[in-house]
Each structure stands twice: as structure tokens, then as C-alpha cells.
$ cat data-v1.json   # JSON, C-alpha atoms and all ligand atoms
[["chain", "number", "residue", "atom", "x", "y", "z"],
["A", 24, "MET", "CA", 2.66, 11.85, 0.98],
["A", 25, "LYS", "CA", 1.94, 9.39, -1.82],
["A", 26, "PHE", "CA", -1.34, 7.54, -2.35],
["A", 27, "PHE", "CA", -1.60, 3.89, -3.27],
["A", 28, "LEU", "CA", -4.91, 2.22, -4.10],
["A", 29, "ASP", "CA", -5.73, -0.79, -1.92],
["A", 30, "THR", "CA", -7.66, -3.00, -4.31],
["A", 31, "ALA", "CA", -7.42, -5.70, -6.97],
["A", 32, "ASP", "CA", -10.33, -4.26, -8.98],
["A", 33, "LEU", "CA", -9.10, -3.27, -12.45],
["A", 34, "ASP", "CA", -11.89, -0.73, -13.04],
["A", 35, "GLU", "CA", -11.16, 1.03, -9.75],
["A", 36, "ILE", "CA", -7.44, 1.07, -10.54],
["A", 37, "ALA", "CA", -7.98, 2.45, -14.06],
["A", 38, "GLU", "CA", -10.36, 5.10, -12.75],
["A", 39, "ALA", "CA", -8.06, 6.17, -9.90],
["A", 40, "ALA", "CA", -5.04, 6.19, -12.23],
["A", 41, "SER", "CA", -6.92, 8.54, -14.58],
["A", 42, "TRP", "CA", -7.26, 11.07, -11.72],
["A", 43, "GLY", "CA", -3.53, 11.68, -11.90],
["A", 44, "ALA", "CA", -2.55, 11.29, -8.24],
["A", 45, "LEU", "CA", -2.04, 7.54, -7.97],
["A", 46, "ALA", "CA", 1.47, 6.39, -7.03],
["A", 47, "GLY", "CA", 0.97, 2.64, -6.58],
["A", 48, "VAL", "CA", -1.34, -0.27, -5.83],
["A", 49, "THR", "CA", -1.47, -2.78, -2.98],
["A", 50, "THR", "CA", -3.29, -6.09, -3.24],
["A", 51, "ASN", "CA", -3.71, -9.00, -0.85],
["A", 52, "PRO", "CA", -5.35, -12.44, -1.09],
["A", 53, "THR", "CA", -8.63, -11.12, 0.37],
["A", 54, "LEU", "CA", -8.84, -8.28, -2.15],
["A", 55, "TYR", "CA", -8.20, -10.72, -5.03],
["A", 56, "ALA", "CA", -10.83, -13.16, -3.73],
["A", 57, "ARG", "CA", -13.28, -10.26, -3.33],
["A", 58, "ILE", "CA", -13.27, -9.56, -7.09],
["A", 59, "GLY", "CA", -13.84, -13.27, -7.85],
["A", 60, "GLY", "CA", -10.19, -13.85, -8.79],
["A", 61, "LYS", "CA", -9.02, -17.40, -9.48],
["A", 62, "LEU", "CA", -5.58, -18.84, -8.74],
["A", 63, "GLU", "CA", -4.87, -19.67, -12.38],
["A", 64, "HIS", "CA", -5.40, -16.04, -13.41],
["A", 65, "PHE", "CA", -3.51, -14.41, -10.54],
["A", 66, "HIS", "CA", -0.24, -13.75, -12.35],
["A", 67, "ASP", "CA", -2.01, -12.35, -15.42],
["A", 68, "HIS", "CA", -4.10, -10.15, -13.17],
["A", 69, "ILE", "CA", -1.01, -8.68, -11.48],
["A", 70, "LYS", "CA", 0.54, -8.09, -14.90],
["A", 71, "ARG", "CA", -2.62, -6.27, -16.02],
["A", 72, "ILE", "CA", -2.52, -4.01, -12.93],
["A", 73, "CYS", "CA", 1.14, -3.22, -13.68],
["A", 74, "GLU", "CA", 0.25, -2.28, -17.27],
["A", 75, "ILE", "CA", -2.60, -0.02, -16.17],
["A", 76, "VAL", "CA", -0.58, 1.98, -13.65],
["A", 77, "GLY", "CA", 2.67, 2.02, -15.61],
["A", 78, "PRO", "CA", 6.26, 1.19, -14.67],
["A", 79, "ASP", "CA", 6.73, 4.00, -12.15],
["A", 80, "CYS", "CA", 3.96, 2.77, -9.83],
["A", 81, "PRO", "CA", 4.86, -0.09, -7.49],
["A", 82, "VAL", "CA", 2.28, -2.89, -7.34],
["A", 83, "SER", "CA", 2.35, -5.11, -4.25],
["A", 84, "ALA", "CA", 1.51, -8.78, -4.86],
["A", 85, "GLU", "CA", 1.37, -11.00, -1.78],
["A", 86, "THR", "CA", 2.82, -14.46, -1.36],
["A", 87, "VAL", "CA", 0.82, -17.04, 0.58],
["A", 88, "ALA", "CA", 3.87, -19.26, 1.13],
["A", 89, "MET", "CA", 4.77, -19.77, 4.80],
["A", 90, "GLU", "CA", 8.31, -21.21, 4.52],
["A", 91, "ARG", "CA", 11.26, -19.01, 3.52],
["A", 92, "LYS", "CA", 12.33, -21.21, 0.58],
["A", 93, "GLU", "CA", 8.84, -21.15, -0.93],
["A", 94, "MET", "CA", 8.48, -17.43, -0.15],
["A", 95, "VAL", "CA", 11.70, -16.70, -2.03],
["A", 96, "GLU", "CA", 10.69, -18.88, -4.99],
["A", 97, "ASP", "CA", 7.22, -17.36, -5.11],
["A", 98, "GLY", "CA", 8.67, -13.87, -4.66],
["A", 99, "LYS", "CA", 10.98, -14.38, -7.62],
["A", 100, "ARG", "CA", 8.07, -15.56, -9.77],
["A", 101, "LEU", "CA", 6.00, -12.53, -8.76],
["A", 102, "ALA", "CA", 8.88, -10.09, -9.30],
["A", 103, "ALA", "CA", 9.44, -11.54, -12.79],
["A", 104, "LEU", "CA", 5.91, -10.55, -13.86],
["A", 105, "ALA", "CA", 6.79, -6.86, -14.26],
["A", 106, "PRO", "CA", 9.55, -4.49, -13.12],
["A", 107, "ASN", "CA", 7.19, -2.62, -10.81],
["A", 108, "VAL", "CA", 6.04, -5.67, -8.80],
["A", 109, "VAL", "CA", 6.83, -5.48, -5.09],
["A", 110, "VAL", "CA", 6.59, -8.77, -3.20],
["A", 111, "LYS", "CA", 4.35, -8.55, -0.17],
["A", 112, "ILE", "CA", 5.42, -10.74, 2.73],
["A", 113, "PRO", "CA", 3.91, -11.02, 6.23],
["A", 114, "THR", "CA", 5.95, -9.97, 9.26],
["A", 115, "MET", "CA", 7.17, -13.29, 10.68],
["A", 116, "VAL", "CA", 10.51, -15.06, 11.10],
["A", 117, "GLU", "CA", 10.28, -16.88, 7.77],
["A", 118, "GLY", "CA", 9.19, -13.63, 6.12],
["A", 119, "LEU", "CA", 12.19, -11.71, 7.48],
["A", 120, "ALA", "CA", 14.57, -14.38, 6.19],
["A", 121, "ALA", "CA", 12.90, -14.43, 2.79],
["A", 122, "THR", "CA", 12.97, -10.62, 2.65],
["A", 123, "ARG", "CA", 16.73, -10.62, 3.25],
["A", 124, "GLU", "CA", 17.27, -13.12, 0.43],
["A", 125, "LEU", "CA", 15.00, -11.28, -1.99],
["A", 126, "ALA", "CA", 16.50, -7.87, -1.16],
["A", 127, "ASP", "CA", 19.99, -9.28, -1.71],
["A", 128, "GLU", "CA", 18.83, -10.30, -5.18],
["A", 129, "GLY", "CA", 17.49, -6.82, -5.92],
["A", 130, "ILE", "CA", 13.80, -7.65, -5.36],
["A", 131, "ARG", "CA", 11.73, -5.13, -3.43],
["A", 132, "VAL", "CA", 9.58, -6.33, -0.53],
["A", 133, "ASN", "CA", 6.60, -4.75, 1.21],
["A", 134, "MET", "CA", 6.51, -6.23, 4.72],
["A", 135, "THR", "CA", 2.85, -6.41, 5.65],
["A", 136, "LEU", "CA", 0.72, -7.07, 8.74],
["A", 137, "CYS", "CA", 3.06, -4.96, 10.87],
["A", 138, "PHE", "CA", 1.70, -3.81, 14.24],
["A", 139, "THR", "CA", 4.67, -2.74, 16.38],
["A", 140, "VAL", "CA", 7.86, -0.69, 16.30],
["A", 141, "PRO", "CA", 10.13, -3.73, 16.84],
["A", 142, "GLN", "CA", 8.44, -5.49, 13.90],
["A", 143, "ALA", "CA", 8.98, -2.43, 11.70],
["A", 144, "ILE", "CA", 12.65, -2.12, 12.65],
["A", 145, "LEU", "CA", 13.22, -5.81, 11.93],
["A", 146, "ALA", "CA", 11.54, -5.35, 8.55],
["A", 147, "ALA", "CA", 13.85, -2.43, 7.79],
["A", 148, "ARG", "CA", 16.96, -4.35, 8.90],
["A", 149, "SER", "CA", 15.92, -7.30, 6.75],
["A", 150, "GLY", "CA", 15.96, -5.10, 3.67],
["A", 151, "ALA", "CA", 12.25, -4.41, 3.18],
["A", 152, "ARG", "CA", 11.65, -1.48, 0.82],
["A", 153, "TYR", "CA", 8.25, -0.80, 2.41],
["A", 154, "VAL", "CA", 6.66, -1.64, 5.74],
["A", 155, "SER", "CA", 2.88, -1.65, 6.12],
["A", 156, "PRO", "CA", 1.47, -0.98, 9.59],
["A", 157, "PHE", "CA", -2.30, -1.60, 9.75],
["A", 158, "ILE", "CA", -4.55, 1.01, 11.34],
["A", 159, "GLY", "CA", -8.11, -0.30, 11.11],
["A", 160, "ARG", "CA", -7.32, -3.81, 12.27],
["A", 161, "PHE", "CA", -5.43, -2.43, 15.30],
["A", 162, "ASP", "CA", -8.40, -0.20, 16.15],
["A", 163, "ASP", "CA", -10.62, -3.29, 15.83],
["A", 164, "ILE", "CA", -8.92, -4.86, 18.86],
["A", 165, "SER", "CA", -9.32, -1.64, 20.88],
["A", 166, "GLU", "CA", -5.75, -0.47, 20.25],
["A", 167, "ASP", "CA", -4.79, 2.91, 18.77],
["A", 168, "GLY", "CA", -3.91, 2.29, 15.11],
["A", 169, "ILE", "CA", -2.95, 5.89, 14.39],
["A", 170, "ALA", "CA", -0.63, 6.13, 17.43],
["A", 171, "GLN", "CA", 1.00, 2.88, 16.40],
["A", 172, "VAL", "CA", 1.77, 4.17, 12.86],
["A", 173, "GLU", "CA", 3.06, 7.43, 14.33],
["A", 174, "ASP", "CA", 5.45, 5.51, 16.62],
["A", 175, "ILE", "CA", 6.70, 3.48, 13.64],
["A", 176, "VAL", "CA", 7.24, 6.62, 11.52],
["A", 177, "ASP", "CA", 9.14, 8.26, 14.41],
["A", 178, "ALA", "CA", 11.25, 5.19, 15.19],
["A", 179, "LEU", "CA", 12.28, 4.51, 11.58],
["A", 180, "GLY", "CA", 13.03, 8.22, 11.14],
["A", 181, "ASN", "CA", 15.73, 7.93, 13.81],
["A", 182, "TYR", "CA", 17.90, 5.69, 11.63],
["A", 183, "ASP", "CA", 19.31, 5.26, 8.15],
["A", 184, "PHE", "CA", 18.39, 1.88, 6.72],
["A", 185, "ARG", "CA", 19.61, 2.51, 3.16],
["A", 186, "GLU", "CA", 22.54, 0.12, 3.45],
["A", 187, "ASN", "CA", 19.98, -2.66, 3.96],
["A", 188, "THR", "CA", 17.64, -2.03, 1.04],
["A", 189, "VAL", "CA", 17.59, -2.61, -2.71],
["A", 190, "ASN", "CA", 19.50, 0.20, -4.51],
["A", 191, "GLY", "CA", 20.11, 1.92, -1.17],
["A", 192, "GLU", "CA", 16.59, 3.36, -1.09],
["A", 193, "GLN", "CA", 15.27, 4.41, 2.31],
["A", 194, "ILE", "CA", 12.44, 2.24, 3.62],
["A", 195, "GLU", "CA", 9.02, 3.89, 3.33],
["A", 196, "VAL", "CA", 6.04, 3.48, 5.64],
["A", 197, "ILE", "CA", 2.77, 2.55, 3.95],
["A", 198, "ALA", "CA", -0.10, 3.31, 6.32],
["A", 199, "ALA", "CA", -2.53, 0.46, 5.58],
["A", 200, "SER", "CA", -5.93, -0.79, 6.68],
["A", 201, "ILE", "CA", -7.22, 2.76, 6.30],
["A", 202, "ARG", "CA", -10.94, 3.15, 6.87],
["A", 203, "SER", "CA", -11.59, 6.90, 6.51],
["A", 204, "ALA", "CA", -10.38, 10.20, 5.08],
["A", 205, "ASN", "CA", -9.66, 11.24, 8.66],
["A", 206, "HIS", "CA", -7.16, 8.38, 8.92],
["A", 207, "VAL", "CA", -5.42, 9.90, 5.87],
["A", 208, "THR", "CA", -5.31, 13.32, 7.56],
["A", 209, "GLN", "CA", -3.73, 11.81, 10.67],
["A", 210, "CYS", "CA", -1.18, 9.92, 8.60],
["A", 211, "ALA", "CA", -0.22, 13.03, 6.61],
["A", 212, "LEU", "CA", 0.20, 15.07, 9.81],
["A", 213, "MET", "CA", 2.54, 12.47, 11.30],
["A", 214, "GLY", "CA", 4.58, 12.25, 8.08],
["A", 215, "ALA", "CA", 3.76, 8.72, 6.89],
["A", 216, "ASP", "CA", 5.33, 8.32, 3.43],
["A", 217, "ILE", "CA", 2.37, 6.61, 1.80],
["A", 218, "ALA", "CA", -1.29, 5.88, 2.53],
["A", 219, "THR", "CA", -2.85, 2.92, 0.76],
["A", 220, "VAL", "CA", -6.58, 3.53, 0.56],
["A", 221, "PRO", "CA", -9.66, 1.64, -0.67],
["A", 222, "PHE", "CA", -11.40, 3.29, -3.63],
["A", 223, "GLY", "CA", -14.32, 4.34, -1.42],
["A", 224, "VAL", "CA", -11.97, 6.29, 0.87],
["A", 225, "LEU", "CA", -10.19, 7.86, -2.13],
["A", 226, "LYS", "CA", -13.55, 9.19, -3.38],
["A", 227, "LYS", "CA", -14.35, 10.59, 0.07],
["A", 228, "MET", "CA", -10.93, 12.29, 0.16],
["A", 229, "VAL", "CA", -11.87, 14.35, -2.90],
["A", 230, "SER", "CA", -15.22, 15.63, -1.77],
["A", 231, "HIS", "CA", -16.49, 18.10, 0.81],
["A", 232, "PRO", "CA", -20.06, 19.44, 1.12],
["A", 233, "LEU", "CA", -18.81, 23.05, 1.05],
["A", 234, "THR", "CA", -16.86, 22.35, -2.15],
["A", 235, "GLU", "CA", -20.00, 20.95, -3.76],
["A", 236, "LYS", "CA", -22.13, 23.82, -2.46],
["A", 237, "GLY", "CA", -19.56, 26.34, -3.71],
["A", 238, "ILE", "CA", -19.47, 24.82, -7.20],
["A", 239, "GLU", "CA", -23.27, 24.87, -7.34],
["A", 240, "SER", "CA", -23.47, 28.55, -6.34],
["A", 241, "PHE", "CA", -20.72, 29.55, -8.81],
["A", 242, "LEU", "CA", -22.56, 27.78, -11.63],
["A", 243, "ASN", "CA", -25.87, 29.41, -10.60],
["A", 244, "ASP", "CA", -24.29, 32.87, -10.49],
["A", 245, "TRP", "CA", -22.62, 32.31, -13.87],
["A", 246, "GLU", "CA", -26.08, 31.80, -15.32],
["A", 247, "LYS", "CA", -26.88, 35.37, -14.23],
["A", 248, "VAL", "CA", -23.82, 36.68, -16.10],
["A", 249, "LYS", "CA", -24.89, 35.11, -19.37],
["B", 301, "LIG", "C1", -2.66, -3.24, 2.47],
["B", 301, "LIG", "O1", -1.54, -3.48, 2.11],
["B", 301, "LIG", "C2", -3.46, -4.13, 3.31],
["B", 301, "LIG", "O2", -3.52, -5.41, 2.76],
["B", 301, "LIG", "C3", -4.82, -3.56, 3.53],
["B", 301, "LIG", "O3", -4.72, -2.18, 3.77],
["B", 301, "LIG", "C4", -5.63, -4.29, 4.58],
["B", 301, "LIG", "O4", -6.78, -3.56, 4.85],
["B", 301, "LIG", "P1", -8.00, -4.15, 5.71],
["B", 301, "LIG", "O5", -7.57, -4.26, 7.11],
["B", 301, "LIG", "O6", -9.09, -3.14, 5.52],
["B", 301, "LIG", "O7", -8.32, -5.49, 5.11]]

$ encode --input "data-v1.json" --output "C-alpha cells" --more "lines below"
Ligand code: E4P
Amino acid sequence: MKFFLDTADLDEIAEAASWGALAGVTTNPTLYARIGGKLEHFHDHIKRICEIVGPDCPVSAETVAMERKEMVEDGKRLAALAPNVVVKIPTMVEGLAATRELADEGIRVNMTLCFTVPQAILAARSGARYVSPFIGRFDDISEDGIAQVEDIVDALGNYDFRENTVNGEQIEVIAASIRSANHVTQCALMGADIATVPFGVLKKMVSHPLTEKGIESFLNDWEKVK
């Protein structure tokens, strides 16, 4: 399982990247607004994220266009910012059509706001390189977000979608809208390819009270050795 950071905050991204386990970044309009981002700086901001994480880490940048023509134009502009930009497009008819066009031009798409197996299969058939089912938001409406991601992982695993995607890469499932380290555990057990996590969850993933207690006792005992 790979970990992406779900944020537009440059300090969080730089810090997480320095830990050595970061494989990518996902952003969305809300995350960019949350850090006080302004429209005129958006492209520079995405470029800066790409520089921080390096060319091997995909960085998802979302289009807010709602028509396929504008989505494709916007997607091309975003993809031109850096080789590791992945265009994030919502799961909708116009988004599927735009994904097909972008994939045919060699541009990778992360199909976002996915909540069902049929949506995920359509994303895969349209050439999406990633599909992002949301856990927390599904839980919020009293559905089972984890079960939904598990169904999507199982369903996509039944088929080979490589003929549809850029460079014949198999589509990967990004478990998104993750709210806890326990969500990450569940996603790893079901075999989700990637979990995109907020920085707060990433920090919680590292720590455990028994780890901290153990370190403290080892350090105390080492004092006795000196
Ligand atoms: C990631 O790609 C999504 O945009 C993100 O995980 C959404 O998370 P939220 O439901 O906590 O806003």
C-alpha cells in the first residue's frame, strides 16, 4: 500500500516527504481554499508541490470545469505544469468523456468523488489511472464507507483495464476521505492500492502509546548502564 498526503499545505507536504514514505499528494478546491490559496496562484502552487515531492510522486490537481471541453482544456493546462501532475475529475458524464480524451492524449486522471462499484468501473473503462472512493463522506450519510471501498477493490480486481489507461498501467484505487488510522488499517487489509490521508492522520499512524512508553523505558534503563 502506498500513502499519499491529502493536503495543499506546503509545510505539511515538505514534512511528510522528509519522513521517506510519501508516494504522492492529492489536493482539491476545499484543501486549497483552506490554506488561503488564491486563484491566481493556483498553478504556481501545484508546481511548488510537484517540486517538493519530486517527479516520481503523482500530484492530483482538480479541475472545477463542468463541461467536457473545458475539463479537457483545463486538464491539459494542469498536466503541462509538471510531469507528475494527475488531473482530478469528478465522476459524472462530462468527467468520463473528458477522462477518455485526456487518457487518449497520455494525460493521467484521478477520478474523484466515487461512491459505487458501477462508477468505479466506468472510471476504469474511461481510462482513469486512479479512482478515488470516499470513505468518511459515505459514513457521514450512514452508509458503510469501508465496505464500499472493499467492493470497489474486489470488483476492479476481477478485470484487466490496462488497455484503457495511459501507458497500459493498471488503474489503482485511492481510498480517500480517510478520517482515522483505523480506516488505513481496514484499507490495507482489503488491499486498496493507496490511502490518501490528512497530515493529522499520518501523524497518528506513526504513534502508539506502547511505542512511546517503550522508548521512554529503554532510555531510562540506558541511563543505568552509563
Ligand atoms: C481526496 O482525493 C479527497 O479530495 C479527500 O480525501 C476528501 O476528503 P474529505 O471528505 O475529508 O474532504

$ closest_atom_pairs --input "data-v1.json" --of "range 74-187 of chain A" --to "range 37-53 of chain A" --cutoff "12 Å" --atoms "only C-alpha atoms" --output "tab-separated table"
residue	atom	partner	partner_atom	distance
A:Glu74	CA	A:Ala37	CA	10.0
A:Ile75	CA	A:Ala37	CA	6.3
A:Val76	CA	A:Ala40	CA	6.3
A:Gly77	CA	A:Gly47	CA	9.2
A:Pro78	CA	A:Gly47	CA	9.8
A:Asp79	CA	A:Ala46	CA	7.7
A:Cys80	CA	A:Gly47	CA	4.4
A:Pro81	CA	A:Gly47	CA	4.8
A:Val82	CA	A:Val48	CA	4.7
A:Ser83	CA	A:Thr49	CA	4.7
A:Ala84	CA	A:Thr50	CA	5.7
A:Glu85	CA	A:Asn51	CA	5.5
A:Thr86	CA	A:Pro52	CA	8.4
A:Val87	CA	A:Pro52	CA	7.9
A:Ala88	CA	A:Pro52	CA	11.7
A:Asn107	CA	A:Gly47	CA	9.2
A:Val108	CA	A:Val48	CA	9.6
A:Val109	CA	A:Thr49	CA	9.0
A:Val110	CA	A:Thr49	CA	10.0
A:Lys111	CA	A:Asn51	CA	8.1
A:Ile112	CA	A:Asn51	CA	10.0
A:Pro113	CA	A:Asn51	CA	10.6
A:Val132	CA	A:Thr49	CA	11.9
A:Asn133	CA	A:Thr49	CA	9.3
A:Met134	CA	A:Thr49	CA	11.6
A:Thr135	CA	A:Asn51	CA	9.6
A:Leu136	CA	A:Asn51	CA	10.7
A:Tyr153	CA	A:Thr49	CA	11.3
A:Val154	CA	A:Thr49	CA	12.0
A:Ser155	CA	A:Thr49	CA	10.1

$ residues_near_ligand --input "data-v1.json" --ligand "ligand LIG 301 (chain B)" --cutoff "6 Å" --atoms "all atoms listed in the file" --output "VMD selection string"
chain A and resid 29 49 51 159 to 160 199 to 200

$ atom_distance --input "data-v1.json" --atom1 "CA of Met89 in chain A" --atom2 "CA of Ala31 in chain A"
22.0 Å

$ atom_distance --input "data-v1.json" --atom1 "CA of Thr188 in chain A" --atom2 "CA of Ala126 in chain A"
6.3 Å

$ residues_around --input "data-v1.json" --residues "Thr122 in chain A" --least-positions-apart "2" --cutoff "9 Å" --atoms "all atoms listed in the file" --output "PyMOL selection string"
chain A and resi 91+94-95+110+112+117-120+124-127+130-134+146+149-151

$ residues_around --input "data-v1.json" --residues "range 63-68 of chain A" --least-positions-apart "4" --cutoff "8 Å" --atoms "all atoms listed in the file" --output "list in words"
Ile72, Leu101 and Leu104 of chain A
